[in-house]
>>> print(open('structure.txt').read())   # compact mmCIF, C-alpha atoms
# COMPACT_ATOMS: atom_id res chain seq x y z
CA MET E 1 0.00 0.00 0.00
CA LYS E 2 1.19 3.50 -0.84
CA LEU E 3 0.02 6.49 1.19
CA VAL E 4 0.50 10.18 0.52
CA SER E 5 -0.16 13.18 2.76
CA VAL E 6 -1.88 16.00 0.89
CA LYS E 7 -3.15 19.43 1.79
CA THR E 8 -6.53 20.55 0.48
CA ASP E 9 -8.75 22.41 2.94
CA THR E 10 -6.99 20.34 5.62
CA VAL E 11 -4.06 17.94 5.73
CA LYS E 12 -5.18 14.38 5.07
CA ALA E 13 -3.94 11.03 3.81
CA ALA E 14 -4.66 9.73 0.32
CA LEU E 15 -4.13 6.30 -1.18
CA LEU E 16 -1.90 6.21 -4.25
CA THR E 17 -3.28 3.85 -6.92
CA SER E 18 -2.57 3.30 -10.60
CA LYS E 19 -5.53 5.60 -11.34
CA GLY E 20 -4.45 8.47 -9.11
CA LEU E 21 -4.75 9.68 -5.53
CA LEU E 22 -7.82 8.08 -3.98
CA ASP E 23 -9.86 10.32 -1.67
CA ILE E 24 -10.17 8.06 1.36
CA LYS E 25 -13.05 9.70 3.20
CA ARG E 26 -15.30 10.27 0.20
CA THR E 27 -14.64 6.82 -1.26
CA ALA E 28 -15.34 5.16 2.10
CA GLU E 29 -18.61 7.09 2.40
CA LEU E 30 -19.52 6.04 -1.15
CA HIS E 31 -19.35 2.42 0.00
CA GLY E 32 -21.07 2.97 3.34
CA THR E 33 -17.98 2.70 5.53
CA ASN E 34 -16.16 5.12 7.77
CA ILE E 35 -12.36 5.19 7.43
CA SER E 36 -10.21 7.98 8.83
CA ASP E 37 -8.16 10.01 6.37
CA GLN E 38 -5.68 11.06 9.07
CA MET E 39 -2.22 9.57 8.63
CA ASP E 40 -1.59 9.07 12.35
CA ALA E 41 -4.84 7.12 12.75
CA ILE E 42 -4.07 4.89 9.76
CA ILE E 43 -0.53 4.14 10.96
CA GLN E 44 -1.83 2.98 14.36
CA ASN E 45 -4.77 0.83 13.22
CA ALA E 46 -4.12 -2.46 11.40
CA GLU E 47 -7.85 -3.08 10.86
CA MET E 48 -8.20 0.32 9.23
CA GLN E 49 -5.21 -0.43 7.01
CA ALA E 50 -6.93 -3.59 5.75
CA GLN E 51 -10.16 -1.68 5.07
CA LEU E 52 -8.20 0.96 3.22
CA ALA E 53 -6.38 -1.57 1.05
CA ALA E 54 -9.75 -3.05 0.08
CA LEU E 55 -10.97 0.35 -1.14
CA ALA E 56 -8.38 0.28 -3.93
CA ASP E 57 -10.34 -2.45 -5.70
CA LYS E 58 -13.68 -0.60 -5.60
CA ASP E 59 -15.21 2.31 -7.47
CA ALA E 60 -13.42 5.33 -6.12
CA ILE E 61 -13.37 9.11 -5.94
CA PHE E 62 -10.01 10.70 -6.68
CA HIS E 63 -8.38 13.99 -5.77
CA ALA E 64 -8.34 16.12 -8.92
CA GLU E 65 -4.98 17.30 -10.22
CA GLY E 66 -4.34 20.81 -8.97
CA SER E 67 -6.74 20.46 -6.05
CA TYR E 68 -4.01 19.65 -3.54
CA THR E 69 -0.41 20.20 -2.60
CA TYR E 70 1.79 17.70 -0.81
CA ALA E 71 2.33 17.66 2.94
CA PRO E 72 5.22 16.02 4.83
CA ALA E 73 4.90 12.24 4.67
CA VAL E 74 4.00 12.08 8.36
CA PRO E 75 2.54 15.51 9.18
CA ALA E 76 3.01 15.41 12.96
CA PRO E 77 5.51 12.84 14.23
CA GLU E 78 6.38 12.89 17.91
CA LYS E 79 10.05 12.29 17.13
CA ILE E 80 12.36 12.79 14.16
CA LEU E 81 15.54 10.80 14.74
CA CYS E 82 18.53 10.69 12.43
CA VAL E 83 21.49 8.33 12.13
CA GLY E 84 24.83 9.89 11.26
CA LEU E 85 27.83 8.16 9.70
CA ASN E 86 25.99 5.01 8.66
CA TYR E 87 27.74 4.26 5.36
CA LYS E 88 31.45 3.44 5.46
CA SER E 89 32.07 5.38 2.25
CA HIS E 90 30.53 8.52 3.78
CA VAL E 91 32.61 8.23 6.95
CA GLU E 92 35.75 7.83 4.84
CA GLU E 93 35.01 10.87 2.68
CA ALA E 94 34.19 13.31 5.47
CA PHE E 95 35.24 12.01 8.88
CA GLU E 96 37.99 9.95 10.50
CA ASN E 97 36.70 7.35 12.96
CA MET E 98 34.22 4.57 12.25
CA PRO E 99 31.37 4.53 14.80
CA LYS E 100 30.97 1.46 17.00
CA GLN E 101 27.22 2.00 17.44
CA PRO E 102 24.59 4.12 15.64
CA VAL E 103 25.19 7.85 15.98
CA LEU E 104 21.82 9.40 16.81
CA PHE E 105 20.77 13.02 16.59
CA SER E 106 17.43 14.74 16.08
CA LYS E 107 15.52 17.24 14.03
CA PHE E 108 12.51 19.18 15.26
CA SER E 109 9.09 19.58 13.64
CA ASN E 110 10.06 22.95 12.14
CA ALA E 111 12.37 20.97 9.83
CA LEU E 112 9.46 19.09 8.25
CA ALA E 113 8.89 19.83 4.57
CA ALA E 114 6.99 18.21 1.72
CA HIS E 115 7.59 16.99 -1.80
CA ASN E 116 7.71 19.93 -4.25
CA GLN E 117 7.98 22.43 -1.38
CA VAL E 118 10.40 25.32 -1.88
CA ILE E 119 12.83 25.32 1.04
CA PRO E 120 14.20 28.75 2.01
CA LEU E 121 17.89 28.84 2.80
CA PRO E 122 18.70 30.66 6.05
CA LYS E 123 20.79 33.83 5.84
CA THR E 124 22.86 32.68 8.82
CA ALA E 125 24.74 30.06 6.79
CA SER E 126 26.25 29.49 3.34
CA GLN E 127 27.52 25.88 3.18
CA PHE E 128 24.36 23.97 2.27
CA ASP E 129 24.55 20.24 1.55
CA TYR E 130 22.22 17.36 0.62
CA GLU E 131 21.95 13.91 2.19
CA ALA E 132 19.70 11.34 0.49
CA GLU E 133 18.29 8.91 3.06
CA LEU E 134 15.84 6.07 3.51
CA VAL E 135 13.39 7.03 6.27
CA ILE E 136 11.73 4.51 8.58
CA VAL E 137 8.17 5.20 9.75
CA ILE E 138 7.39 3.48 13.04
CA GLY E 139 4.03 1.66 13.19
CA LYS E 140 3.86 0.15 16.69
CA GLU E 141 5.15 1.39 20.02
CA ALA E 142 8.63 0.02 20.62
CA SER E 143 10.51 -0.01 23.91
CA ASN E 144 13.67 -2.05 24.45
CA ILE E 145 12.87 -4.45 21.63
CA THR E 146 15.23 -7.01 20.14
CA ARG E 147 16.80 -6.74 16.72
CA ASP E 148 14.81 -9.80 15.57
CA ASP E 149 11.54 -8.10 16.54
CA ALA E 150 12.40 -4.62 15.32
CA LEU E 151 11.04 -4.65 11.77
CA SER E 152 7.64 -5.86 13.00
CA HIS E 153 7.32 -2.39 14.56
CA VAL E 154 7.85 -0.61 11.22
CA PHE E 155 4.84 0.70 9.33
CA GLY E 156 6.68 1.67 6.17
CA TYR E 157 9.40 3.65 4.47
CA THR E 158 9.74 6.94 2.62
CA CYS E 159 12.37 9.18 1.03
CA GLY E 160 14.13 11.86 3.05
CA ASN E 161 16.73 14.56 2.57
CA ASP E 162 18.77 15.40 5.67
CA LEU E 163 19.64 18.89 4.46
CA SER E 164 22.60 20.30 6.36
CA ALA E 165 24.24 23.68 6.87
CA ARG E 166 27.82 22.51 7.34
CA ASP E 167 29.10 25.86 8.64
CA LEU E 168 26.50 25.63 11.43
CA GLN E 169 26.79 21.88 11.99
CA PHE E 170 30.34 22.14 13.34
CA VAL E 171 30.06 25.39 15.31
CA SER E 172 30.07 23.21 18.43
CA GLY E 173 30.15 19.54 19.30
CA GLN E 174 26.39 19.35 18.71
CA TRP E 175 25.10 19.08 15.12
CA LEU E 176 21.64 20.40 16.00
CA ILE E 177 21.58 23.91 14.54
CA GLY E 178 23.08 22.76 11.26
CA LYS E 179 20.45 20.06 10.89
CA SER E 180 17.22 21.66 12.15
CA CYS E 181 16.85 24.82 10.10
CA ASP E 182 13.31 25.40 8.83
CA GLY E 183 12.43 22.89 6.12
CA PHE E 184 15.68 20.92 6.43
CA GLY E 185 13.88 17.58 6.75
CA PRO E 186 11.74 17.05 3.64
CA THR E 187 10.10 13.62 3.35
CA GLY E 188 7.80 11.88 0.91
CA PRO E 189 5.97 12.01 -1.30
CA VAL E 190 4.93 8.39 -0.64
CA ILE E 191 5.04 6.10 2.37
CA VAL E 192 5.27 2.52 1.10
CA THR E 193 4.14 -0.03 3.67
CA ALA E 194 6.69 -2.53 4.93
CA ASP E 195 5.01 -5.50 3.28
CA GLU E 196 5.51 -3.95 -0.17
CA ILE E 197 9.13 -3.00 0.47
CA GLY E 198 10.17 -6.44 1.69
CA ASP E 199 13.88 -6.23 2.50
CA PRO E 200 14.78 -2.60 3.28
CA GLN E 201 18.47 -3.50 2.95
CA ASN E 202 18.40 -3.93 -0.80
CA LEU E 203 17.20 -0.62 -2.21
CA ALA E 204 19.04 1.58 -4.70
CA ILE E 205 19.34 5.16 -3.46
CA ARG E 206 20.37 8.25 -5.42
CA CYS E 207 20.59 12.01 -5.10
CA LEU E 208 20.54 14.37 -8.07
CA VAL E 209 21.20 18.12 -8.12
CA ASN E 210 19.87 19.95 -11.17
CA GLY E 211 19.68 16.58 -12.95
CA GLU E 212 23.29 15.58 -12.16
CA ILE E 213 23.81 12.40 -10.13
CA ARG E 214 25.68 13.21 -6.92
CA GLN E 215 25.01 10.10 -4.81
CA SER E 216 24.40 6.56 -6.04
CA SER E 217 24.46 3.63 -3.63
CA ASN E 218 22.39 0.88 -2.04
CA THR E 219 20.94 0.46 1.45
CA SER E 220 22.76 -2.89 1.65
CA LEU E 221 25.87 -0.81 2.41
CA MET E 222 24.56 0.57 5.70
CA MET E 223 26.84 -0.28 8.63
CA PHE E 224 23.83 -0.48 10.96
CA ASP E 225 20.76 -1.83 9.21
CA CYS E 226 17.18 -0.77 9.82
CA ALA E 227 16.50 -3.54 12.35
CA GLU E 228 19.57 -2.62 14.39
CA ILE E 229 18.72 1.09 14.28
CA VAL E 230 15.17 0.58 15.55
CA SER E 231 16.26 -1.84 18.26
CA TYR E 232 19.12 0.43 19.37
CA ALA E 233 16.97 3.56 19.57
CA SER E 234 14.26 1.70 21.48
CA ARG E 235 16.70 0.85 24.26
CA TYR E 236 16.91 4.50 25.23
CA MET E 237 13.52 5.97 24.30
CA THR E 238 10.06 4.65 23.53
CA LEU E 239 9.37 4.86 19.82
CA LYS E 240 5.79 5.83 18.98
CA PRO E 241 3.65 5.24 15.88
CA GLY E 242 4.48 7.90 13.30
CA ASP E 243 8.01 8.54 14.57
CA MET E 244 10.47 8.87 11.71
CA ILE E 245 14.08 7.72 11.59
CA PHE E 246 16.44 8.99 8.88
CA THR E 247 18.87 6.09 8.40
CA GLY E 248 22.00 7.87 7.14
CA THR E 249 23.45 8.91 3.81
CA PRO E 250 26.00 7.33 1.45
CA SER E 251 29.07 9.03 0.00
CA GLY E 252 28.88 11.86 -2.52
CA VAL E 253 27.94 14.77 -0.27
CA ILE E 254 29.53 18.14 -1.02
CA MET E 255 31.44 18.11 2.26
CA GLY E 256 33.27 15.01 1.03
CA TYR E 257 34.78 16.81 -1.97
CA PRO E 258 38.27 18.33 -1.75
CA GLU E 259 37.84 21.81 -0.27
CA ARG E 260 38.58 23.66 -3.51
CA GLN E 261 35.97 21.61 -5.38
CA ARG E 262 33.08 22.23 -2.99
CA VAL E 263 30.24 24.08 -4.68
CA TRP E 264 27.58 24.40 -2.02
CA LEU E 265 23.86 24.30 -2.77
CA LYS E 266 22.27 27.66 -3.56
CA ALA E 267 18.87 29.19 -4.18
CA GLY E 268 17.31 27.82 -7.35
CA ASP E 269 18.96 24.39 -7.13
CA VAL E 270 16.65 21.39 -7.51
CA VAL E 271 17.49 18.42 -5.31
CA GLU E 272 15.99 14.98 -5.97
CA VAL E 273 16.15 11.92 -3.73
CA GLU E 274 15.26 8.65 -5.47
CA ILE E 275 14.82 5.33 -3.66
CA GLU E 276 13.92 2.06 -5.34
CA LYS E 277 10.32 0.87 -4.74
CA ILE E 278 9.41 4.23 -3.17
CA GLY E 279 9.83 7.01 -5.71
CA LYS E 280 11.29 10.49 -5.95
CA LEU E 281 11.31 13.39 -3.49
CA VAL E 282 11.92 16.74 -5.19
CA ASN E 283 12.62 20.11 -3.61
CA THR E 284 13.75 23.46 -4.92
CA LEU E 285 15.89 25.66 -2.70
CA GLY E 286 14.82 29.26 -2.29
>>> encode(input="structure.txt", output="structure tokens")
Amino acid sequence: MKLVSVKTDTVKAALLTSKGLLDIKRTAELHGTNISDQMDAIIQNAEMQAQLAALADKDAIFHAEGSYTYAPAVPAPEKILCVGLNYKSHVEEAFENMPKQPVLFSKFSNALAAHNQVIPLPKTASQFDYEAELVIVIGKEASNITRDDALSHVFGYTCGNDLSARDLQFVSGQWLIGKSCDGFGPTGPVIVTADEIGDPQNLAIRCLVNGEIRQSSNTSLMMFDCAEIVSYASRYMTLKPGDMIFTGTPSGVIMGYPERQRVWLKAGDVVEVEIEKIGKLVNTLG
């Protein structure tokens, strides 16, 4: 199942089908059922997910093109966690020491942004960089769970861009201000449920800037895979349905270039994150 958050008069979930974006509430009413079109409610309710999947095979009402804009994949997560330094090639290009456990940091809700949203670049920085990442969407509450049980707590996966202001990221020992500028965590446009993804450790991942490939890798090259990340994080905090975890970026970021070859992102640049089985997240910088 593929779900998209859209903004019409309100923010709501829609079901992506081969015919278009299915209007959940109106289609459910057409068939005499009542299914929520709120993403958080869908993520938490397995019965509702089954009802929603069944709607795809019935006569449906669709959102008309131009009647909506995209919203962040999960509009209101409790937590946005990120894993740093999770591909060996990225550590080698930009850092020195290989981590012995997942490196966790966070973004705040102000960093949320949507597919096709223009992201304004803050005037307090100048070294803007992209980071294409697979994003985990938690489906069931998880506290101190084992690695073997971890993926059963995942609802699905989406595309993310861990945008970074490098000249702010290293002002201190904390990466926070370089990672949580407004709009620096775009996600979407689609959440693909875990059953359709299958193995999350075998997905091609790419980043393009103005049509030029900058990153090209595979999630099989993560040092800490999705199961380990979820289990590890759950040892220290309770993960809630709708929480998102950015799983790290492969090599090819601007910071990894020799200093004289670094051409930082600027207003007008178009950044695309593509992940196999999920799709393409596109943002223009403003």
>>> closest_residue(input="structure.txt", among="E:Ser164, E:Thr17, E:Gln261, E:Thr219", to="Asp57 in chain E", atoms="all atoms listed in the file")
E:Thr17
>>> residues_around(input="structure.txt", residues="Asn210 in chain E", least_positions_apart="4", cutoff="8 Å", atoms="all atoms listed in the file", output="PDB file with C-alpha atoms, in the frame of the given file")
ATOM      1  CA  ASP E 269      18.960  24.390  -7.130  1.00  0.00           C
ATOM      2  CA  VAL E 270      16.650  21.390  -7.510  1.00  0.00           C
ATOM      3  CA  VAL E 271      17.490  18.420  -5.310  1.00  0.00           C
TER       4      VAL E 271
END
>>> residues_around(input="structure.txt", residues="range 108-118 of chain E", least_positions_apart="2", cutoff="8 Å", atoms="all atoms listed in the file", output="PDB file with C-alpha atoms, keeping the file's coordinate frame")
ATOM      1  CA  TYR E  70       1.790  17.700  -0.810  1.00  0.00           C
ATOM      2  CA  ALA E  71       2.330  17.660   2.940  1.00  0.00           C
ATOM      3  CA  PRO E  72       5.220  16.020   4.830  1.00  0.00           C
ATOM      4  CA  ALA E  73       4.900  12.240   4.670  1.00  0.00           C
ATOM      5  CA  PRO E  75       2.540  15.510   9.180  1.00  0.00           C
ATOM      6  CA  ALA E  76       3.010  15.410  12.960  1.00  0.00           C
ATOM      7  CA  PRO E  77       5.510  12.840  14.230  1.00  0.00           C
ATOM      8  CA  LYS E  79      10.050  12.290  17.130  1.00  0.00           C
ATOM      9  CA  ILE E  80      12.360  12.790  14.160  1.00  0.00           C
ATOM     10  CA  SER E 106      17.430  14.740  16.080  1.00  0.00           C
ATOM     11  CA  PRO E 120      14.200  28.750   2.010  1.00  0.00           C
ATOM     12  CA  SER E 180      17.220  21.660  12.150  1.00  0.00           C
ATOM     13  CA  CYS E 181      16.850  24.820  10.100  1.00  0.00           C
ATOM     14  CA  ASP E 182      13.310  25.400   8.830  1.00  0.00           C
ATOM     15  CA  GLY E 183      12.430  22.890   6.120  1.00  0.00           C
ATOM     16  CA  PHE E 184      15.680  20.920   6.430  1.00  0.00           C
ATOM     17  CA  GLY E 185      13.880  17.580   6.750  1.00  0.00           C
ATOM     18  CA  PRO E 186      11.740  17.050   3.640  1.00  0.00           C
ATOM     19  CA  THR E 187      10.100  13.620   3.350  1.00  0.00           C
ATOM     20  CA  GLY E 188       7.800  11.880   0.910  1.00  0.00           C
ATOM     21  CA  PRO E 189       5.970  12.010  -1.300  1.00  0.00           C
ATOM     22  CA  LEU E 281      11.310  13.390  -3.490  1.00  0.00           C
ATOM     23  CA  VAL E 282      11.920  16.740  -5.190  1.00  0.00           C
ATOM     24  CA  ASN E 283      12.620  20.110  -3.610  1.00  0.00           C
ATOM     25  CA  THR E 284      13.750  23.460  -4.920  1.00  0.00           C
ATOM     26  CA  LEU E 285      15.890  25.660  -2.700  1.00  0.00           C
ATOM     27  CA  GLY E 286      14.820  29.260  -2.290  1.00  0.00           C
TER      28      GLY E 286
END
>>> residues_around(input="structure.txt", residues="Phe95 in chain E", least_positions_apart="3", cutoff="10 Å", atoms="all atoms listed in the file", output="list in words")
Leu85, Lys88, Ser89, His90, Val91, Glu92, Met98, Met255 and Gly256 of chain E
>>> closest_residue(input="structure.txt", among="E:Asp148, E:Asp129, E:Glu196, E:Asp59", to="Leu168 in chain E", atoms="all atoms listed in the file")
E:Asp129
>>> residues_near_point(input="structure.txt", point="(29.2, 26.8, 7.6)", cutoff="8 Å", atoms="only C-alpha atoms", output="VMD selection string")
chain E and resid 125 to 128 165 to 171
>>> write_last_selection(input="structure.txt", atoms="C-alpha atoms", output="PDB file, in the coordinates of the input")
ATOM      1  CA  ALA E 125      24.740  30.060   6.790  1.00  0.00           C
ATOM      2  CA  SER E 126      26.250  29.490   3.340  1.00  0.00           C
ATOM      3  CA  GLN E 127      27.520  25.880   3.180  1.00  0.00           C
ATOM      4  CA  PHE E 128      24.360  23.970   2.270  1.00  0.00           C
ATOM      5  CA  ALA E 165      24.240  23.680   6.870  1.00  0.00           C
ATOM      6  CA  ARG E 166      27.820  22.510   7.340  1.00  0.00           C
ATOM      7  CA  ASP E 167      29.100  25.860   8.640  1.00  0.00           C
ATOM      8  CA  LEU E 168      26.500  25.630  11.430  1.00  0.00           C
ATOM      9  CA  GLN E 169      26.790  21.880  11.990  1.00  0.00           C
ATOM     10  CA  PHE E 170      30.340  22.140  13.340  1.00  0.00           C
ATOM     11  CA  VAL E 171      30.060  25.390  15.310  1.00  0.00           C
TER      12      VAL E 171
END
>>> residues_around(input="structure.txt", residues="Met222 in chain E", least_positions_apart="4", cutoff="9 Å", atoms="only C-alpha atoms", output="PyMOL selection string")
chain E and resi 86-88+201+218+226+247-250
>>> closest_residue(input="structure.txt", among="E:Lys140, E:Arg26, E:Lys19, E:Arg147", to="Ala227 in chain E", atoms="only C-alpha atoms")
E:Arg147
>>> closest_residue(input="structure.txt", among="E:Leu163, E:Leu208, E:Glu93, E:Lys240", to="Asp40 in chain E", atoms="all atoms listed in the file")
E:Lys240
>>> closest_residue(input="structure.txt", among="E:Gly20, E:Gly198, E:Gly178, E:Gly252", to="Pro122 in chain E", atoms="all atoms listed in the file")
E:Gly178
>>> atom_distance(input="structure.txt", atom1="CA of Val230 in chain E", atom2="CA of Gly279 in chain E")
22.8 Å
>>> residues_around(input="structure.txt", residues="Leu239 in chain E", least_positions_apart="4", cutoff="12 Å", atoms="all atoms listed in the file", output="number ranges by chain")
E: 77-81, 136-145, 150, 153-154, 229-235, 243-245
>>> atom_distance(input="structure.txt", atom1="CA of Asn161 in chain E", atom2="CA of Cys207 in chain E")
9.0 Å
>>> closest_residue(input="structure.txt", among="E:Lys25, E:Lys100, E:Lys277, E:Lys107", to="Thr193 in chain E", atoms="only C-alpha atoms")
E:Lys277
>>> residues_near_point(input="structure.txt", point="(-5.4, 5.7, 10.5)", cutoff="12 Å", atoms="all atoms listed in the file", output="ChimeraX atom specification")
/E:3,5,12-15,24-25,34-53,74,139,155,241-242
>>> atom_distance(input="structure.txt", atom1="CA of Met223 in chain E", atom2="CA of Ile205 in chain E")
15.2 Å
>>> decode(input="structure.txt", residues="range 90-103 of chain E", atoms="C-alpha atoms", output="PDB file, in the first residue's frame")
ATOM      1  CA  HIS E  90      30.532   8.518   3.782  1.00  0.00           C
ATOM      2  CA  VAL E  91      32.612   8.232   6.952  1.00  0.00           C
ATOM      3  CA  GLU E  92      35.750   7.830   4.842  1.00  0.00           C
ATOM      4  CA  GLU E  93      35.011  10.868   2.682  1.00  0.00           C
ATOM      5  CA  ALA E  94      34.190  13.314   5.469  1.00  0.00           C
ATOM      6  CA  PHE E  95      35.244  12.009   8.882  1.00  0.00           C
ATOM      7  CA  GLU E  96      37.986   9.952  10.505  1.00  0.00           C
ATOM      8  CA  ASN E  97      36.700   7.352  12.960  1.00  0.00           C
ATOM      9  CA  MET E  98      34.222   4.572  12.245  1.00  0.00           C
ATOM     10  CA  PRO E  99      31.375   4.534  14.797  1.00  0.00           C
ATOM     11  CA  LYS E 100      30.968   1.464  16.996  1.00  0.00           C
ATOM     12  CA  GLN E 101      27.217   2.003  17.435  1.00  0.00           C
ATOM     13  CA  PRO E 102      24.588   4.117  15.635  1.00  0.00           C
ATOM     14  CA  VAL E 103      25.195   7.854  15.975  1.00  0.00           C
TER      15      VAL E 103
END
